[in-house]
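Enquirer: To be precise about what I am sending: the file is called entry26.tsv and holds TSV, C-alpha atoms.
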```
chain	number	residue	atom	x	y	z
A	7	MET	CA	-40.49	29.24	91.92
A	8	LYS	CA	-37.98	31.21	89.85
A	9	ASN	CA	-34.27	31.60	90.10
A	10	VAL	CA	-32.55	34.09	87.81
A	11	TYR	CA	-29.11	33.52	86.38
A	12	THR	CA	-27.14	36.04	84.34
A	13	VAL	CA	-25.54	34.58	81.21
A	14	LEU	CA	-23.12	36.28	78.85
A	15	LEU	CA	-24.07	35.47	75.23
A	16	ALA	CA	-21.19	35.72	72.69
A	17	SER	CA	-21.82	36.36	68.96
A	18	ILE	CA	-20.49	33.84	66.42
A	19	PHE	CA	-18.91	34.75	63.07
A	20	LEU	CA	-18.65	32.26	60.20
A	21	VAL	CA	-15.97	32.79	57.55
A	22	SER	CA	-16.02	30.76	54.35
A	23	CYS	CA	-12.83	29.41	52.87
A	24	GLY	CA	-12.71	29.92	49.11
A	25	GLY	CA	-15.67	30.16	46.75
A	26	SER	CA	-17.16	33.04	44.83
A	27	GLU	CA	-18.22	36.38	46.27
A	28	GLU	CA	-21.83	35.59	45.43
A	29	SER	CA	-21.62	32.35	47.40
A	30	SER	CA	-20.28	34.23	50.46
A	31	GLU	CA	-23.12	36.72	50.34
A	32	ASP	CA	-25.67	33.89	50.17
A	33	GLU	CA	-24.27	32.30	53.30
A	34	PHE	CA	-24.42	35.52	55.29
A	35	LYS	CA	-28.11	35.87	54.47
A	36	TYR	CA	-28.76	33.22	57.12
A	37	TYR	CA	-26.70	34.95	59.86
A	38	SER	CA	-26.66	38.39	61.41
A	39	LYS	CA	-24.41	40.25	63.76
A	40	GLU	CA	-25.64	41.26	67.22
A	41	GLU	CA	-23.95	43.10	70.03
A	42	ALA	CA	-23.03	40.92	73.01
A	43	THR	CA	-25.23	41.81	76.01
A	44	ASN	CA	-26.13	40.38	79.44
A	45	LYS	CA	-29.41	38.52	79.46
A	46	SER	CA	-31.29	36.62	82.15
A	47	LEU	CA	-32.27	32.99	82.05
A	48	GLU	CA	-35.37	31.97	83.97
A	49	LEU	CA	-35.37	28.60	85.69
A	50	SER	CA	-38.77	27.30	86.84
A	51	ILE	CA	-39.51	24.58	89.35
A	52	GLU	CA	-42.96	23.07	89.65
A	53	ALA	CA	-44.22	21.46	92.83
A	54	SER	CA	-47.58	20.60	94.32
A	55	GLY	CA	-48.71	21.05	97.90
A	56	GLU	CA	-51.53	21.81	100.31
A	57	ILE	CA	-52.57	25.12	101.83
A	58	GLU	CA	-52.58	25.13	105.63
A	59	ALA	CA	-52.91	27.63	108.47
A	60	ILE	CA	-49.67	28.91	110.03
A	61	SER	CA	-51.09	29.33	113.53
A	62	THR	CA	-53.51	26.73	114.93
A	63	ILE	CA	-54.66	26.35	118.55
A	64	GLU	CA	-56.63	23.68	120.38
A	65	ILE	CA	-59.52	24.73	122.59
A	66	LYS	CA	-59.93	22.72	125.80
A	67	SER	CA	-62.06	23.12	128.89
A	68	LYS	CA	-60.48	23.42	132.33
A	69	ALA	CA	-63.65	21.87	133.74
A	70	SER	CA	-64.78	18.27	133.37
A	71	GLY	CA	-68.39	17.26	132.81
A	72	GLU	CA	-71.19	17.17	130.29
A	73	VAL	CA	-71.20	19.67	127.42
A	74	LEU	CA	-74.46	21.61	127.61
A	75	PHE	CA	-73.86	24.22	124.89
A	76	LEU	CA	-71.57	24.78	121.91
A	77	GLY	CA	-71.39	28.27	120.46
A	78	ALA	CA	-69.56	27.76	117.17
A	79	GLU	CA	-69.65	25.65	114.05
A	80	VAL	CA	-66.84	24.81	111.64
A	81	GLY	CA	-66.11	27.86	109.49
A	82	ASP	CA	-67.42	30.43	112.00
A	83	TYR	CA	-65.24	33.49	112.60
A	84	ILE	CA	-64.85	33.98	116.36
A	85	LYS	CA	-63.78	37.08	118.27
A	86	LYS	CA	-61.69	37.01	121.43
A	87	GLY	CA	-63.89	36.38	124.48
A	88	ASP	CA	-66.81	34.80	122.61
A	89	VAL	CA	-68.44	31.85	124.40
A	90	LEU	CA	-67.51	28.60	122.69
A	91	ALA	CA	-68.96	26.10	125.16
A	92	ARG	CA	-70.70	25.65	128.52
A	93	ILE	CA	-70.07	22.69	130.80
A	94	ASP	CA	-72.42	21.29	133.47
A	95	GLN	CA	-72.16	23.59	136.53
A	96	ARG	CA	-73.84	21.48	139.21
A	97	THR	CA	-70.69	20.16	140.86
A	98	PRO	CA	-68.85	23.52	140.79
A	99	ASN	CA	-71.94	25.23	142.22
A	100	ASN	CA	-72.09	22.73	145.11
A	101	ILE	CA	-68.38	23.23	145.85
A	102	LEU	CA	-68.89	27.01	145.78
A	103	ALA	CA	-71.81	26.83	148.22
A	104	GLN	CA	-69.76	24.67	150.62
A	105	ALA	CA	-66.81	27.09	150.40
A	106	GLN	CA	-69.07	30.05	151.21
A	107	ALA	CA	-70.50	28.25	154.26
A	108	ASP	CA	-67.02	27.27	155.48
A	109	LEU	CA	-65.86	30.88	155.19
A	110	GLU	CA	-68.81	32.16	157.25
A	111	LEU	CA	-68.13	29.58	159.95
A	112	SER	CA	-64.41	30.37	160.08
A	113	LYS	CA	-65.17	34.10	160.44
A	114	VAL	CA	-67.48	33.39	163.40
A	115	ARG	CA	-64.77	31.28	165.02
A	116	LEU	CA	-62.22	34.02	164.42
A	117	GLY	CA	-64.52	36.54	166.13
A	118	ASN	CA	-64.90	34.27	169.15
A	119	ALA	CA	-61.16	33.63	169.28
A	120	GLN	CA	-60.45	37.36	169.11
A	121	SER	CA	-62.85	38.04	172.04
A	122	GLN	CA	-61.16	35.30	174.07
A	123	LEU	CA	-57.78	36.80	173.28
A	124	ILE	CA	-58.83	40.22	174.54
A	125	ARG	CA	-60.20	38.74	177.79
A	126	GLY	CA	-57.16	36.48	178.14
A	127	GLU	CA	-54.78	39.45	177.84
A	128	ALA	CA	-56.62	41.26	180.65
A	129	LEU	CA	-56.66	38.18	182.90
A	130	HIS	CA	-53.00	37.45	182.16
A	131	ASP	CA	-52.01	40.98	183.06
A	132	GLU	CA	-53.88	40.60	186.38
A	133	GLY	CA	-52.20	37.24	186.95
A	134	SER	CA	-55.52	35.43	187.00
A	135	ILE	CA	-54.42	32.87	184.39
A	136	SER	CA	-51.12	31.12	183.85
A	137	ASP	CA	-48.74	31.75	180.97
A	138	LYS	CA	-49.62	28.36	179.52
A	139	ALA	CA	-53.34	29.16	179.49
A	140	PHE	CA	-52.68	32.50	177.79
A	141	GLU	CA	-50.47	30.80	175.18
A	142	ASP	CA	-53.30	28.36	174.42
A	143	ILE	CA	-55.65	31.33	173.85
A	144	GLN	CA	-53.11	32.92	171.46
A	145	GLU	CA	-52.76	29.65	169.58
A	146	THR	CA	-56.54	29.32	169.22
A	147	TYR	CA	-56.72	32.85	167.78
A	148	ALA	CA	-53.90	32.17	165.29
A	149	SER	CA	-55.55	28.92	164.19
A	150	ALA	CA	-58.89	30.69	163.66
A	151	LYS	CA	-57.16	33.40	161.61
A	152	SER	CA	-55.42	30.77	159.49
A	153	SER	CA	-58.74	29.01	158.94
A	154	VAL	CA	-60.28	32.21	157.55
A	155	ILE	CA	-57.45	32.62	155.07
A	156	ARG	CA	-57.69	28.98	154.03
A	157	THR	CA	-61.45	29.14	153.45
A	158	GLU	CA	-61.06	32.41	151.50
A	159	VAL	CA	-58.63	30.64	149.19
A	160	ASN	CA	-61.04	27.72	148.83
A	161	LEU	CA	-63.84	30.13	147.96
A	162	GLU	CA	-61.70	31.85	145.32
A	163	ASN	CA	-60.76	28.49	143.80
A	164	ALA	CA	-64.42	27.48	143.76
A	165	ASN	CA	-65.29	30.67	141.88
A	166	ILE	CA	-62.52	29.95	139.39
A	167	SER	CA	-63.78	26.40	138.88
A	168	LEU	CA	-67.27	27.75	138.22
A	169	ASP	CA	-65.91	30.28	135.70
A	170	ASP	CA	-63.99	27.48	133.98
A	171	THR	CA	-67.28	25.83	133.01
A	172	ILE	CA	-67.72	28.63	130.47
A	173	VAL	CA	-65.16	28.21	127.67
A	174	ARG	CA	-64.28	31.48	125.91
A	175	SER	CA	-62.17	32.04	122.84
A	176	PRO	CA	-58.61	33.06	123.78
A	177	THR	CA	-58.08	34.84	120.44
A	178	GLU	CA	-59.65	35.82	117.15
A	179	GLY	CA	-59.80	33.16	114.49
A	180	THR	CA	-61.84	30.70	112.48
A	181	VAL	CA	-63.10	27.35	113.74
A	182	ILE	CA	-61.54	24.73	111.46
A	183	LYS	CA	-62.60	21.63	113.40
A	184	ARG	CA	-65.13	20.69	116.09
A	185	ASN	CA	-64.37	17.53	118.03
A	186	VAL	CA	-67.34	17.22	120.41
A	187	GLU	CA	-71.12	17.54	120.41
A	188	VAL	CA	-73.68	18.65	122.99
A	189	GLY	CA	-74.26	15.93	125.59
A	190	GLN	CA	-70.75	14.51	125.41
A	191	VAL	CA	-68.85	14.15	128.70
A	192	ILE	CA	-65.37	15.66	128.50
A	193	SER	CA	-62.31	15.57	130.74
A	194	SER	CA	-60.16	18.43	131.94
A	195	PRO	CA	-56.46	18.56	130.97
A	196	SER	CA	-55.63	19.15	134.65
A	197	VAL	CA	-56.99	15.74	135.69
A	198	ALA	CA	-56.73	13.60	132.53
A	199	VAL	CA	-53.52	11.74	131.79
A	200	GLY	CA	-53.99	12.17	128.03
A	201	GLY	CA	-54.18	15.94	128.21
A	202	GLY	CA	-57.94	16.39	128.28
A	203	THR	CA	-60.60	16.58	125.58
A	204	VAL	CA	-60.08	18.92	122.62
A	205	LEU	CA	-63.33	20.79	122.01
A	206	MET	CA	-62.37	22.68	118.86
A	207	GLN	CA	-59.46	23.79	116.74
A	208	MET	CA	-59.10	27.41	115.69
A	209	ALA	CA	-56.73	29.06	113.22
A	210	ASP	CA	-55.74	32.53	112.12
A	211	LEU	CA	-56.48	32.43	108.40
A	212	GLY	CA	-55.14	35.93	107.77
A	213	SER	CA	-51.80	34.30	106.96
A	214	VAL	CA	-51.58	30.85	105.44
A	215	ARG	CA	-48.85	28.80	103.85
A	216	VAL	CA	-48.30	26.12	101.25
A	217	ARG	CA	-46.35	23.03	102.16
A	218	ALA	CA	-44.94	22.01	98.79
A	219	LEU	CA	-42.84	18.92	98.13
A	220	VAL	CA	-39.83	19.70	95.91
A	221	ASP	CA	-37.75	16.96	94.29
A	222	GLU	CA	-34.28	16.50	95.73
A	223	ILE	CA	-32.80	17.39	92.33
A	224	ASP	CA	-34.38	20.85	92.42
A	225	VAL	CA	-34.27	21.68	96.13
A	226	GLY	CA	-30.76	23.13	95.83
A	227	LYS	CA	-32.15	25.86	93.56
A	228	VAL	CA	-34.58	27.08	96.22
A	229	ARG	CA	-33.65	29.87	98.63
A	230	VAL	CA	-35.46	31.37	101.62
A	231	GLY	CA	-37.05	34.68	100.60
A	232	GLN	CA	-37.64	33.73	96.96
A	233	GLU	CA	-40.93	34.87	95.46
A	234	VAL	CA	-43.24	32.10	94.32
A	235	SER	CA	-46.12	32.05	91.86
A	236	ILE	CA	-49.00	29.87	93.05
A	237	LYS	CA	-51.96	28.45	91.18
A	238	VAL	CA	-54.95	27.05	93.04
A	239	SER	CA	-57.35	24.57	91.50
A	240	ALA	CA	-60.32	26.49	92.93
A	241	TYR	CA	-59.17	29.71	91.24
A	242	ARG	CA	-57.97	28.67	87.79
A	243	ASP	CA	-57.99	32.23	86.35
A	244	ARG	CA	-56.24	33.86	89.29
A	245	GLN	CA	-52.60	33.88	90.32
A	246	PHE	CA	-51.31	34.20	93.87
A	247	PHE	CA	-47.85	35.04	95.14
A	248	GLY	CA	-45.89	34.06	98.23
A	249	LYS	CA	-42.39	33.82	99.63
A	250	VAL	CA	-40.32	30.85	100.69
A	251	SER	CA	-40.09	30.97	104.49
A	252	LYS	CA	-38.43	27.65	105.29
A	253	ILE	CA	-36.77	24.63	103.72
A	254	GLU	CA	-37.26	21.64	105.98
A	255	PRO	CA	-34.14	19.46	106.28
A	256	LEU	CA	-35.95	16.15	106.77
A	257	ALA	CA	-36.69	14.49	103.43
A	258	LYS	CA	-39.74	12.39	102.61
A	259	VAL	CA	-39.39	9.21	100.58
A	260	GLU	CA	-42.45	7.82	98.81
A	261	GLN	CA	-42.27	5.19	96.08
A	262	ASN	CA	-38.49	5.69	95.84
A	263	VAL	CA	-38.95	9.42	95.18
A	264	THR	CA	-37.19	11.77	97.61
A	265	THR	CA	-38.68	15.20	98.21
A	266	PHE	CA	-38.15	18.04	100.67
A	267	PRO	CA	-41.01	20.10	102.19
A	268	ILE	CA	-40.81	23.80	101.30
A	269	LEU	CA	-42.95	26.25	103.31
A	270	ILE	CA	-44.32	29.21	101.35
A	271	ASP	CA	-46.08	32.02	103.26
A	272	ILE	CA	-49.08	33.71	101.61
A	273	ASP	CA	-50.91	36.87	102.68
A	274	ASN	CA	-54.57	35.89	103.04
A	275	LYS	CA	-56.11	39.04	104.53
A	276	GLU	CA	-58.81	38.97	101.83
A	277	ARG	CA	-59.72	35.43	102.95
A	278	SER	CA	-59.26	34.10	99.42
A	279	PHE	CA	-58.43	30.68	100.85
A	280	PHE	CA	-60.67	28.64	103.14
```
Would it be possible to restate this file's structure as C-alpha cells?

Expert:
Amino acid sequence: MKNVYTVLLASIFLVSCGGSEESSEDEFKYYSKEEATNKSLELSIEASGEIEAISTIEIKSKASGEVLFLGAEVGDYIKKGDVLARIDQRTPNNILAQAQADLELSKVRLGNAQSQLIRGEALHDEGSISDKAFEDIQETYASAKSSVIRTEVNLENANISLDDTIVRSPTEGTVIKRNVEVGQVISSPSVAVGGGTVLMQMADLGSVRVRALVDEIDVGKVRVGQEVSIKVSAYRDRQFFGKVSKIEPLAKVEQNVTTFPILIDIDNKERSFF
C-alpha cells in the first residue's frame, strides 16, 4: 500500500568564517548547489492476509430425503441451471399421485352438483321444491366447486415438491466446498429448525479480495480507493494489483497486537487465483 506525500526540499549553504581562500574552495568540493523543487516521498505499509471470494452462496435442497446423485465436485465450474443434486422422489411421487386422484374425484362431484343445480332451478321455478331445498342444492354446488380449486392447488404444490427434489444451480460459479455425499439423508430448510442441510458452497471467483490485517499504527495511512501491490506466495515472480474497498472498524487483538482488517478487491477474470 502506498501513500504519497509532497515535501518541499530546501538547499543548504555553508559559509566559512575566516581561513584562506584555498581552504574555502576545499570545503565547497564536498557540497553543491541545487534548485529547490517539489519531490514525492513514498510511504509503504506491509501486511499479510488471505485471498477470499467476495460473493459466496450456500446451496440447499427444498426437499428432504436421501441424496441419490451429486453433480459437482469441489473446483468444478457450474453454469446456471446445471443439476447439482437429486433427492429421493418416492414420497413426492406418492403425494402427486394422490393429488391427481383427488382432483379427478372433485371434478366428478362438481359435474354431479352442476347437474343437480340445473334440475333444482327448474323444479324451484315450478314450485316443486322449497326454497330451503334449492338453497341446499346451491350450497352443494359451491362446495364441489371449492373442492376442485383446493385439489388443483394441492396438485400444483405436489408438482412443485417433486421438482424440488432436483437441485439446480441458481447462478454461475465455482464449487468451493461440498458438505454431503451420496446416500446421506438431508433436511429441508422449510421444516428443519436449524435451517436445513447445506449441500454445497459456490462462489463467483471472477472477483476476489484480500483480507489483510494492518497494524493500528499504520491503519490511519490507509484510504478507501488506494491502489495496492500484492504478492502471492504461489506466484513469486508475478505482481498483482488491487484497490482498498473497505476498512473494517472492529479491531482484532492477538497476543497484545491490535490490527484492523482491510479489504482489497482484485480483478480475477483470468482465474489467476483458486

Enquirer: Give as a list of chain:residue names every residue, naming chains and numbers as the document does, that has an atom within 6 Å of (-59.6, 36.7, 117.1), counting all atoms listed in the file.

Expert: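 Nearby residues: A:Ile84, A:Lys85, A:Lys86, A:Thr177, A:Glu178, A:Gly179.
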
Enquirer: What does the distance from CA of Leu211 (chain A) to CA of Ile93 (chain A) come to in Å, to one decimal?

Expert: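 Distance reported for this atom pair: 28.0 Å.
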
Enquirer: Under the rule that only C-alpha atoms are counted, which of A:Val73, A:Leu109, A:Leu102, A:Ile57 is the nearest residue to Ser239 (chain A)?

Expert: A:Ile57

Enquirer: Which residues of region 41-144 of chain A come within 9 Å of region 216-235 of chain A, and what is each one's closest atom pair and distance in Å (one decimal), counting all atoms listed in the file, sorted by chain and residue number, as a tab-separated table?

Expert:
```
residue	atom	partner	partner_atom	distance
A:Leu49	CA	A:Lys227	CA	8.9
A:Ile51	CA	A:Asp224	CA	7.0
A:Glu52	CA	A:Val220	CA	7.8
A:Ala53	CA	A:Val220	CA	5.6
A:Ser54	CA	A:Ala218	CA	5.4
A:Gly55	CA	A:Ala218	CA	4.0
A:Glu56	CA	A:Val216	CA	5.5
A:Ile57	CA	A:Val216	CA	4.4
A:Glu58	CA	A:Val216	CA	6.2
A:Ala59	CA	A:Val216	CA	8.7
```

Enquirer: How many Å lie between CA of Pro267 (chain A) and CA of Arg184 (chain A), rounded to one decimal?

Expert: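 CA of Pro267 (chain A) sits 27.8 Å away from CA of Arg184 (chain A).
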
Enquirer: What lies within 10 Å of region 135-147 of chain A using all atoms listed in the file, ignoring chain neighbours under 3 positions off, as number ranges by chain?

Expert: A: 115-132, 150-153

Enquirer: CA of Phe266 (chain A) and CA of Glu64 (chain A) are how many Å apart?

Expert: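 Separation of CA of Phe266 (chain A) and CA of Glu64 (chain A): 27.6 Å.
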
Enquirer: Dump as a short mmCIF file (atom, residue, chain, number, x, y, z; two decimals) with C-alpha atoms, keeping the file's coordinate frame all residues having an atom at most 12 Å from (-63.6, 29.5, 147.7), computed in the file's coordinates with all atoms listed in the file.

Expert:
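Produced file point_30.cif, reproduced below:
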```
data_model
loop_
_atom_site.label_atom_id
_atom_site.label_comp_id
_atom_site.auth_asym_id
_atom_site.auth_seq_id
_atom_site.Cartn_x
_atom_site.Cartn_y
_atom_site.Cartn_z
CA PRO A 98 -68.85 23.52 140.79
CA ASN A 99 -71.94 25.23 142.22
CA ASN A 100 -72.09 22.73 145.11
CA ILE A 101 -68.38 23.23 145.85
CA LEU A 102 -68.89 27.01 145.78
CA ALA A 103 -71.81 26.83 148.22
CA GLN A 104 -69.76 24.67 150.62
CA ALA A 105 -66.81 27.09 150.40
CA GLN A 106 -69.07 30.05 151.21
CA ALA A 107 -70.50 28.25 154.26
CA ASP A 108 -67.02 27.27 155.48
CA LEU A 109 -65.86 30.88 155.19
CA GLU A 110 -68.81 32.16 157.25
CA VAL A 154 -60.28 32.21 157.55
CA ILE A 155 -57.45 32.62 155.07
CA ARG A 156 -57.69 28.98 154.03
CA THR A 157 -61.45 29.14 153.45
CA GLU A 158 -61.06 32.41 151.50
CA VAL A 159 -58.63 30.64 149.19
CA ASN A 160 -61.04 27.72 148.83
CA LEU A 161 -63.84 30.13 147.96
CA GLU A 162 -61.70 31.85 145.32
CA ASN A 163 -60.76 28.49 143.80
CA ALA A 164 -64.42 27.48 143.76
CA ASN A 165 -65.29 30.67 141.88
CA ILE A 166 -62.52 29.95 139.39
CA SER A 167 -63.78 26.40 138.88
CA LEU A 168 -67.27 27.75 138.22
#
```

Enquirer: Can you pull out the residues contacting Gly202 (chain A)? Cut-off 10 Å, using all atoms listed in the file, and skip same-chain residues under 6 positions away; I want them as a VMD selection string.

Expert: chain A and resid 66 to 70 192 to 196

Enquirer: Rank nothing, just name the residue among A:Val181, A:Ile63, A:Glu41, A:Leu269 nearest to Pro255 (chain A), using only C-alpha atoms.

Expert: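 Nearest candidate to Pro255 (chain A) out of A:Val181, A:Ile63, A:Glu41, A:Leu269: A:Leu269.
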
Enquirer: Skipping near chain neighbours, those fewer than 3 positions away, what residues fall within 7 Å of Thr62 (chain A) using all atoms listed in the file, listed as JSON, numbers by chain?

Expert: {"A": [59, 207, 208, 209, 210]}

Enquirer: Restrict the output to region 54-82 of chain A and N, CA and C atoms, then write it as an mmCIF file, in the first residue's frame.

Expert:
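Now in selection.cif:
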```cif
data_model
loop_
_atom_site.group_PDB
_atom_site.id
_atom_site.type_symbol
_atom_site.label_atom_id
_atom_site.label_comp_id
_atom_site.auth_asym_id
_atom_site.auth_seq_id
_atom_site.Cartn_x
_atom_site.Cartn_y
_atom_site.Cartn_z
ATOM 1 N N SER A 54 -0.024 -8.844 5.773
ATOM 2 C CA SER A 54 -0.318 -10.163 5.216
ATOM 3 C C SER A 54 -1.806 -10.447 5.354
ATOM 4 N N GLY A 55 -2.303 -11.321 4.496
ATOM 5 C CA GLY A 55 -3.722 -11.658 4.541
ATOM 6 C C GLY A 55 -4.037 -12.871 3.698
ATOM 7 N N GLU A 56 -5.306 -13.196 3.605
ATOM 8 C CA GLU A 56 -5.767 -14.352 2.844
ATOM 9 C C GLU A 56 -6.705 -13.899 1.732
ATOM 10 N N ILE A 57 -6.614 -14.587 0.604
ATOM 11 C CA ILE A 57 -7.497 -14.308 -0.526
ATOM 12 C C ILE A 57 -8.805 -15.057 -0.324
ATOM 13 N N GLU A 58 -9.921 -14.371 -0.530
ATOM 14 C CA GLU A 58 -11.233 -14.986 -0.351
ATOM 15 C C GLU A 58 -12.188 -14.486 -1.423
ATOM 16 N N ALA A 59 -13.253 -15.246 -1.658
ATOM 17 C CA ALA A 59 -14.268 -14.843 -2.628
ATOM 18 C C ALA A 59 -15.136 -13.736 -2.044
ATOM 19 N N ILE A 60 -15.551 -12.789 -2.889
ATOM 20 C CA ILE A 60 -16.416 -11.698 -2.434
ATOM 21 C C ILE A 60 -17.845 -12.195 -2.267
ATOM 22 N N SER A 61 -18.308 -12.977 -3.238
ATOM 23 C CA SER A 61 -19.696 -13.455 -3.214
ATOM 24 C C SER A 61 -19.715 -14.976 -3.064
ATOM 25 N N THR A 62 -20.312 -15.460 -1.980
ATOM 26 C CA THR A 62 -20.424 -16.894 -1.717
ATOM 27 C C THR A 62 -21.862 -17.234 -1.367
ATOM 28 N N ILE A 63 -22.389 -18.316 -1.938
ATOM 29 C CA ILE A 63 -23.762 -18.731 -1.644
ATOM 30 C C ILE A 63 -23.776 -20.186 -1.189
ATOM 31 N N GLU A 64 -24.763 -20.498 -0.360
ATOM 32 C CA GLU A 64 -24.959 -21.868 0.109
ATOM 33 C C GLU A 64 -26.077 -22.518 -0.699
ATOM 34 N N ILE A 65 -25.841 -23.730 -1.130
ATOM 35 C CA ILE A 65 -26.835 -24.483 -1.897
ATOM 36 C C ILE A 65 -27.548 -25.448 -0.954
ATOM 37 N N LYS A 66 -28.882 -25.310 -0.869
ATOM 38 C CA LYS A 66 -29.698 -26.202 -0.050
ATOM 39 C C LYS A 66 -30.815 -26.795 -0.905
ATOM 40 N N SER A 67 -31.352 -27.895 -0.437
ATOM 41 C CA SER A 67 -32.471 -28.534 -1.114
ATOM 42 C C SER A 67 -33.771 -28.198 -0.395
ATOM 43 N N LYS A 68 -34.799 -27.861 -1.169
ATOM 44 C CA LYS A 68 -36.111 -27.605 -0.582
ATOM 45 C C LYS A 68 -36.810 -28.897 -0.184
ATOM 46 N N ALA A 69 -36.262 -30.016 -0.667
ATOM 47 C CA ALA A 69 -36.854 -31.322 -0.354
ATOM 48 C C ALA A 69 -35.985 -32.057 0.656
ATOM 49 N N SER A 70 -36.617 -32.802 1.528
ATOM 50 C CA SER A 70 -35.905 -33.655 2.477
ATOM 51 C C SER A 70 -35.833 -35.073 1.928
ATOM 52 N N GLY A 71 -34.813 -35.821 2.371
ATOM 53 C CA GLY A 71 -34.715 -37.216 1.944
ATOM 54 C C GLY A 71 -33.283 -37.618 1.677
ATOM 55 N N GLU A 72 -33.146 -38.786 1.070
ATOM 56 C CA GLU A 72 -31.821 -39.341 0.788
ATOM 57 C C GLU A 72 -31.252 -38.752 -0.500
ATOM 58 N N VAL A 73 -29.974 -38.386 -0.462
ATOM 59 C CA VAL A 73 -29.290 -37.869 -1.652
ATOM 60 C C VAL A 73 -28.942 -39.046 -2.548
ATOM 61 N N LEU A 74 -29.477 -39.023 -3.780
ATOM 62 C CA LEU A 74 -29.231 -40.118 -4.720
ATOM 63 C C LEU A 74 -28.155 -39.786 -5.741
ATOM 64 N N PHE A 75 -27.914 -38.490 -5.962
ATOM 65 C CA PHE A 75 -26.953 -38.085 -7.005
ATOM 66 C C PHE A 75 -26.387 -36.719 -6.664
ATOM 67 N N LEU A 76 -25.093 -36.547 -6.894
ATOM 68 C CA LEU A 76 -24.421 -35.256 -6.758
ATOM 69 C C LEU A 76 -23.696 -34.964 -8.067
ATOM 70 N N GLY A 77 -23.936 -33.795 -8.615
ATOM 71 C CA GLY A 77 -23.431 -33.494 -9.955
ATOM 72 C C GLY A 77 -22.228 -32.588 -10.013
ATOM 73 N N ALA A 78 -21.554 -32.346 -8.904
ATOM 74 C CA ALA A 78 -20.407 -31.442 -8.932
ATOM 75 C C ALA A 78 -19.423 -31.789 -7.830
ATOM 76 N N GLU A 79 -18.151 -31.597 -8.156
ATOM 77 C CA GLU A 79 -17.080 -31.772 -7.183
ATOM 78 C C GLU A 79 -16.493 -30.402 -6.840
ATOM 79 N N VAL A 80 -15.696 -30.360 -5.803
ATOM 80 C CA VAL A 80 -15.024 -29.117 -5.423
ATOM 81 C C VAL A 80 -14.090 -28.694 -6.558
ATOM 82 N N GLY A 81 -14.198 -27.432 -6.950
ATOM 83 C CA GLY A 81 -13.370 -26.898 -8.038
ATOM 84 C C GLY A 81 -14.066 -26.872 -9.380
ATOM 85 N N ASP A 82 -15.222 -27.543 -9.511
ATOM 86 C CA ASP A 82 -15.954 -27.549 -10.786
ATOM 87 C C ASP A 82 -16.603 -26.191 -11.032
#
```
